[in-house]
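Notes follow once the structure below has been shown.
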Amino acid sequence: MQFTSFLQDGRLTVALTGEIDHHRAKGYIQSITAKIEAYTPNICVLDFQEVTFMDSSGIAVVINAMRSMTRIEGKLLLSGLGSQPMKVFRASGIDKLVEIKEAVL
Amino acid sequence: MKFENYMILDFPSKSTNEAFARSAVACFAAQMDPTLEELGDIRTAVSEAVTNCIVHAYPDALGIITLRCRILKDHILDIVIKDRGVGITDVEQAKKPMFTTGGADRSGMGFTIMESFMTSLTITSEPGKGTRVHMRRKLQRRK
């Protein structure tokens, strides 16, 4: 699983890349859960800037990250969403459950 | 002739073929001069249907997925994704948002997304025999 993440001032940023489908989602879910458990951040940002395609498997990635953050009473943010992933989030109603921000630099 | 062009693909239910299937359909649809948004919608719907075959139709072994695309008159892209897997006992229940038998790494939103991204969606399934997902998308004609 190739992706970068960094921790600064209690904020964990995970940069997702490429195409997120069922083939890749499991790896993301496991790695993100492990990182959240290891660092217990106040805020976790999933950065979608480099995501070129996402199907409903991406929703499961977000829901699992949300569960992990809720467990440690932290907050989840999504950033840098392109129009295709955004449309999938809107169709699922997830955009109402999680805060979506512009790219965090 | 009822269709203007068509293609048929058979491939095993390996998860690496999710990306292959949606890309193949996008390449085929390119001749219809779709917008980027239309292409994104079609790729997403195909990805959902093929993932269902891989996760649900053939849970324990590899099986064959058949993908047929046709271009119909009036600028309609017609897609059939068929498996000979376990089938769906209750299609209406399977279509419900958030319903899944796939576990925590599945969202249960596949059919909801196919339904909202395509013009029409028909699912026929017989337990033990397999499932056929038939989707159509009417594309805009660009001036």
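By convention here, the chains of the structure tokens are called A, B, ... in the order presented, each chain's residues are numbered starting at 1, and ligands are numbered starting at 1 in the order presented.
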Could I get the residues of stretch 44-97 of chain A with an atom no further than 10 Å from an atom of stretch 18-28 of chain A, each paired with its nearest atom pair and that distance in Å to one decimal, using only C-alpha atoms, sorted by chain and residue number, as JSON lines?
{"residue": "A:Phe48", "atom": "CA", "partner": "A:Gly18", "partner_atom": "CA", "distance": 9.1}
{"residue": "A:Gln49", "atom": "CA", "partner": "A:Gly18", "partner_atom": "CA", "distance": 9.4}
{"residue": "A:Glu50", "atom": "CA", "partner": "A:Gly18", "partner_atom": "CA", "distance": 6.1}
{"residue": "A:Val51", "atom": "CA", "partner": "A:Gly18", "partner_atom": "CA", "distance": 4.6}
{"residue": "A:Thr52", "atom": "CA", "partner": "A:Gly18", "partner_atom": "CA", "distance": 5.2}
{"residue": "A:Phe53", "atom": "CA", "partner": "A:Glu19", "partner_atom": "CA", "distance": 4.6}
{"residue": "A:Met54", "atom": "CA", "partner": "A:Ile20", "partner_atom": "CA", "distance": 4.7}
{"residue": "A:Asp55", "atom": "CA", "partner": "A:Asp21", "partner_atom": "CA", "distance": 5.7}
{"residue": "A:Ser56", "atom": "CA", "partner": "A:Asp21", "partner_atom": "CA", "distance": 7.4}
{"residue": "A:Ser57", "atom": "CA", "partner": "A:Asp21", "partner_atom": "CA", "distance": 5.2}
{"residue": "A:Gly58", "atom": "CA", "partner": "A:Ile20", "partner_atom": "CA", "distance": 5.9}
{"residue": "A:Ile59", "atom": "CA", "partner": "A:Ala25", "partner_atom": "CA", "distance": 9.4}
{"residue": "A:Ala60", "atom": "CA", "partner": "A:Ala25", "partner_atom": "CA", "distance": 7.8}
{"residue": "A:Val61", "atom": "CA", "partner": "A:Ala25", "partner_atom": "CA", "distance": 6.4}
{"residue": "A:Val62", "atom": "CA", "partner": "A:Tyr28", "partner_atom": "CA", "distance": 9.8}
{"residue": "A:Asn64", "atom": "CA", "partner": "A:Tyr28", "partner_atom": "CA", "distance": 9.9}
{"residue": "A:Ala65", "atom": "CA", "partner": "A:Tyr28", "partner_atom": "CA", "distance": 9.7}
{"residue": "A:Pro85", "atom": "CA", "partner": "A:Ile20", "partner_atom": "CA", "distance": 9.4}
Next, dump the selected residues to file, keeping only N, CA and C atoms, as a CSV table (one decimal), in the first residue's frame.
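And here's part_4.csv as it stands now:
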chain,number,residue,atom,x,y,z
A,48,PHE,N,-7.8,13.7,-0.5
A,48,PHE,CA,-8.2,13.1,-1.8
A,48,PHE,C,-7.6,13.7,-3.0
A,49,GLN,N,-6.7,14.7,-2.8
A,49,GLN,CA,-6.2,15.5,-3.9
A,49,GLN,C,-5.7,14.6,-5.1
A,50,GLU,N,-5.0,13.5,-4.7
A,50,GLU,CA,-4.4,12.7,-5.8
A,50,GLU,C,-5.3,11.5,-6.2
A,51,VAL,N,-6.5,11.5,-5.7
A,51,VAL,CA,-7.4,10.4,-6.0
A,51,VAL,C,-8.1,10.7,-7.4
A,52,THR,N,-7.9,9.8,-8.4
A,52,THR,CA,-8.4,10.0,-9.7
A,52,THR,C,-9.7,9.3,-9.9
A,53,PHE,N,-10.0,8.3,-9.1
A,53,PHE,CA,-11.3,7.6,-9.2
A,53,PHE,C,-11.6,6.9,-7.9
A,54,MET,N,-12.9,6.9,-7.6
A,54,MET,CA,-13.4,6.2,-6.4
A,54,MET,C,-14.7,5.6,-6.6
A,55,ASP,N,-15.0,4.4,-6.2
A,55,ASP,CA,-16.3,3.8,-6.2
A,55,ASP,C,-16.8,3.7,-4.7
A,56,SER,N,-17.8,2.9,-4.5
A,56,SER,CA,-18.4,2.9,-3.1
A,56,SER,C,-17.4,2.3,-2.1
A,57,SER,N,-16.4,1.7,-2.6
A,57,SER,CA,-15.4,1.1,-1.7
A,57,SER,C,-14.7,2.3,-0.9
A,58,GLY,N,-14.7,3.5,-1.5
A,58,GLY,CA,-14.1,4.7,-0.8
A,58,GLY,C,-15.0,5.1,0.3
A,59,ILE,N,-16.3,4.8,0.2
A,59,ILE,CA,-17.2,5.2,1.3
A,59,ILE,C,-16.9,4.3,2.5
A,60,ALA,N,-16.6,3.0,2.3
A,60,ALA,CA,-16.3,2.2,3.4
A,60,ALA,C,-15.0,2.6,4.0
A,61,VAL,N,-14.0,3.1,3.2
A,61,VAL,CA,-12.8,3.6,3.8
A,61,VAL,C,-13.1,4.8,4.7
A,62,VAL,N,-14.0,5.7,4.3
A,62,VAL,CA,-14.3,6.9,5.1
A,62,VAL,C,-15.1,6.5,6.4
A,64,ASN,N,-15.0,3.6,8.0
A,64,ASN,CA,-14.1,3.0,8.9
A,64,ASN,C,-13.2,4.0,9.6
A,65,ALA,N,-12.7,5.0,8.9
A,65,ALA,CA,-11.9,6.0,9.5
A,65,ALA,C,-12.7,6.8,10.5
A,85,PRO,N,-15.1,11.7,-7.1
A,85,PRO,CA,-15.3,11.2,-5.7
A,85,PRO,C,-16.4,11.9,-5.0
Would you mind listing, for every residue of chain B within 8 Å of chain A, the two atoms forming the shortest contact and the distance between them in Å to one decimal, using only C-alpha atoms, sorted by chain and ascending residue number, as JSON lines?
{"residue": "B:Ser15", "atom": "CA", "partner": "A:His23", "partner_atom": "CA", "distance": 5.1}
{"residue": "B:Thr16", "atom": "CA", "partner": "A:His23", "partner_atom": "CA", "distance": 6.3}
{"residue": "B:Glu18", "atom": "CA", "partner": "A:His23", "partner_atom": "CA", "distance": 7.4}
{"residue": "B:Ala19", "atom": "CA", "partner": "A:Asp21", "partner_atom": "CA", "distance": 7.9}
{"residue": "B:Glu37", "atom": "CA", "partner": "A:Gln84", "partner_atom": "CA", "distance": 7.3}
{"residue": "B:Gly40", "atom": "CA", "partner": "A:Gln84", "partner_atom": "CA", "distance": 6.1}
{"residue": "B:Asp41", "atom": "CA", "partner": "A:Gln84", "partner_atom": "CA", "distance": 7.7}
{"residue": "B:Thr44", "atom": "CA", "partner": "A:Asp55", "partner_atom": "CA", "distance": 5.5}
{"residue": "B:Ser47", "atom": "CA", "partner": "A:Asp55", "partner_atom": "CA", "distance": 6.7}
{"residue": "B:Glu48", "atom": "CA", "partner": "A:Asp55", "partner_atom": "CA", "distance": 6.7}
{"residue": "B:Thr51", "atom": "CA", "partner": "A:His22", "partner_atom": "CA", "distance": 6.7}
{"residue": "B:Pro97", "atom": "CA", "partner": "A:Ser92", "partner_atom": "CA", "distance": 7.9}
{"residue": "B:Ala104", "atom": "CA", "partner": "A:Ala60", "partner_atom": "CA", "distance": 7.3}
{"residue": "B:Asp105", "atom": "CA", "partner": "A:Ala60", "partner_atom": "CA", "distance": 5.5}
{"residue": "B:Arg106", "atom": "CA", "partner": "A:Ala60", "partner_atom": "CA", "distance": 5.5}
{"residue": "B:Ser107", "atom": "CA", "partner": "A:Ala60", "partner_atom": "CA", "distance": 4.9}
{"residue": "B:Gly108", "atom": "CA", "partner": "A:Ser56", "partner_atom": "CA", "distance": 7.9}
{"residue": "B:Met109", "atom": "CA", "partner": "A:Ser56", "partner_atom": "CA", "distance": 6.0}
{"residue": "B:Gly110", "atom": "CA", "partner": "A:Ser56", "partner_atom": "CA", "distance": 6.1}
{"residue": "B:Thr112", "atom": "CA", "partner": "A:Ser92", "partner_atom": "CA", "distance": 7.6}
{"residue": "B:Ile113", "atom": "CA", "partner": "A:Ala91", "partner_atom": "CA", "distance": 6.4}
{"residue": "B:Ser116", "atom": "CA", "partner": "A:Ala91", "partner_atom": "CA", "distance": 7.0}
Fewer than 4 positions away in the same chain doesn't count, so skip those; otherwise give me all residues within 12 Å of B:Asn5, counting only C-alpha atoms, as an mmCIF file with N, CA and C atoms, in the first residue's frame.
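Written out: around04.cif:
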data_model
loop_
_atom_site.group_PDB
_atom_site.id
_atom_site.type_symbol
_atom_site.label_atom_id
_atom_site.label_comp_id
_atom_site.auth_asym_id
_atom_site.auth_seq_id
_atom_site.Cartn_x
_atom_site.Cartn_y
_atom_site.Cartn_z
ATOM 1 N N MET B 1 -30.323 -3.719 -38.068
ATOM 2 C CA MET B 1 -29.469 -3.916 -36.902
ATOM 3 C C MET B 1 -29.896 -2.976 -35.778
ATOM 4 N N PHE B 28 -14.414 1.851 -24.743
ATOM 5 C CA PHE B 28 -15.449 1.549 -25.732
ATOM 6 C C PHE B 28 -16.402 2.739 -25.885
ATOM 7 N N ALA B 29 -16.763 3.353 -24.759
ATOM 8 C CA ALA B 29 -17.720 4.469 -24.779
ATOM 9 C C ALA B 29 -17.120 5.739 -25.384
ATOM 10 N N GLN B 31 -16.008 6.421 -28.179
ATOM 11 C CA GLN B 31 -16.477 6.725 -29.538
ATOM 12 C C GLN B 31 -17.806 7.495 -29.535
ATOM 13 N N MET B 32 -18.472 7.522 -28.376
ATOM 14 C CA MET B 32 -19.738 8.270 -28.274
ATOM 15 C C MET B 32 -19.488 9.719 -27.841
ATOM 16 N N ARG B 68 -21.008 -7.176 -21.443
ATOM 17 C CA ARG B 68 -21.393 -6.845 -22.819
ATOM 18 C C ARG B 68 -21.788 -5.373 -22.883
ATOM 19 N N CYS B 69 -21.225 -4.664 -23.849
ATOM 20 C CA CYS B 69 -21.577 -3.254 -24.054
ATOM 21 C C CYS B 69 -22.098 -3.081 -25.461
ATOM 22 N N ARG B 70 -23.169 -2.324 -25.587
ATOM 23 C CA ARG B 70 -23.684 -2.020 -26.915
ATOM 24 C C ARG B 70 -23.979 -0.533 -27.007
ATOM 25 N N ILE B 71 -23.816 -0.019 -28.216
ATOM 26 C CA ILE B 71 -24.252 1.352 -28.462
ATOM 27 C C ILE B 71 -25.563 1.253 -29.229
ATOM 28 N N LEU B 72 -26.626 1.742 -28.610
ATOM 29 C CA LEU B 72 -27.942 1.692 -29.246
ATOM 30 C C LEU B 72 -28.226 3.036 -29.893
ATOM 31 N N LYS B 73 -29.263 3.058 -30.733
ATOM 32 C CA LYS B 73 -29.587 4.337 -31.361
ATOM 33 C C LYS B 73 -30.059 5.335 -30.293
ATOM 34 N N HIS B 75 -28.058 7.441 -29.020
ATOM 35 C CA HIS B 75 -26.907 7.730 -28.166
ATOM 36 C C HIS B 75 -27.030 7.082 -26.788
ATOM 37 N N ILE B 76 -27.437 5.822 -26.784
ATOM 38 C CA ILE B 76 -27.595 5.098 -25.514
ATOM 39 C C ILE B 76 -26.507 4.032 -25.388
ATOM 40 N N LEU B 77 -25.822 4.047 -24.256
ATOM 41 C CA LEU B 77 -24.852 3.000 -23.946
ATOM 42 C C LEU B 77 -25.553 1.952 -23.086
ATOM 43 N N ASP B 78 -25.537 0.713 -23.560
ATOM 44 C CA ASP B 78 -26.254 -0.385 -22.909
ATOM 45 C C ASP B 78 -25.206 -1.373 -22.369
#
Polymer residues at most 10 Å from B:Leu9, only C-alpha atoms, same-chain spacing of 5 or more positions, as a list of chain:residue names: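 Answer for this query is B:Ala21, B:Ala24, B:Val25, B:Ile64, B:Ile65, B:Thr66, B:Leu67, B:Arg68, B:Cys69, B:Ile81.
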Every residue of chain A that DSSP places in strand (DSSP E or B), as a PyMOL selection string: chain A and resi 4-8+11-20+43-54+75-79+99-101
Atomic distance atom CA of B:Asp33 - atom CA of B:Cys53, expressed in Å with one decimal: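 Those two atoms sit 28.5 Å apart.
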Give the alpha helix (DSSP H) residues of stretch 52-106 of chain B, as DSSP finds them on the backbone, and put them as a short mmCIF file (atom, residue, chain, number, x, y, z; two decimals) with C-alpha atoms, in the first residue's frame.
data_model
loop_
_atom_site.label_atom_id
_atom_site.label_comp_id
_atom_site.auth_asym_id
_atom_site.auth_seq_id
_atom_site.Cartn_x
_atom_site.Cartn_y
_atom_site.Cartn_z
CA ASN B 52 -20.50 -7.28 -6.67
CA VAL B 91 -33.09 -8.31 -4.89
CA GLU B 92 -35.19 -5.56 -3.29
CA GLN B 93 -33.34 -6.00 0.01
CA ALA B 94 -29.96 -6.05 -1.78
CA LYS B 95 -30.82 -2.73 -3.44
#
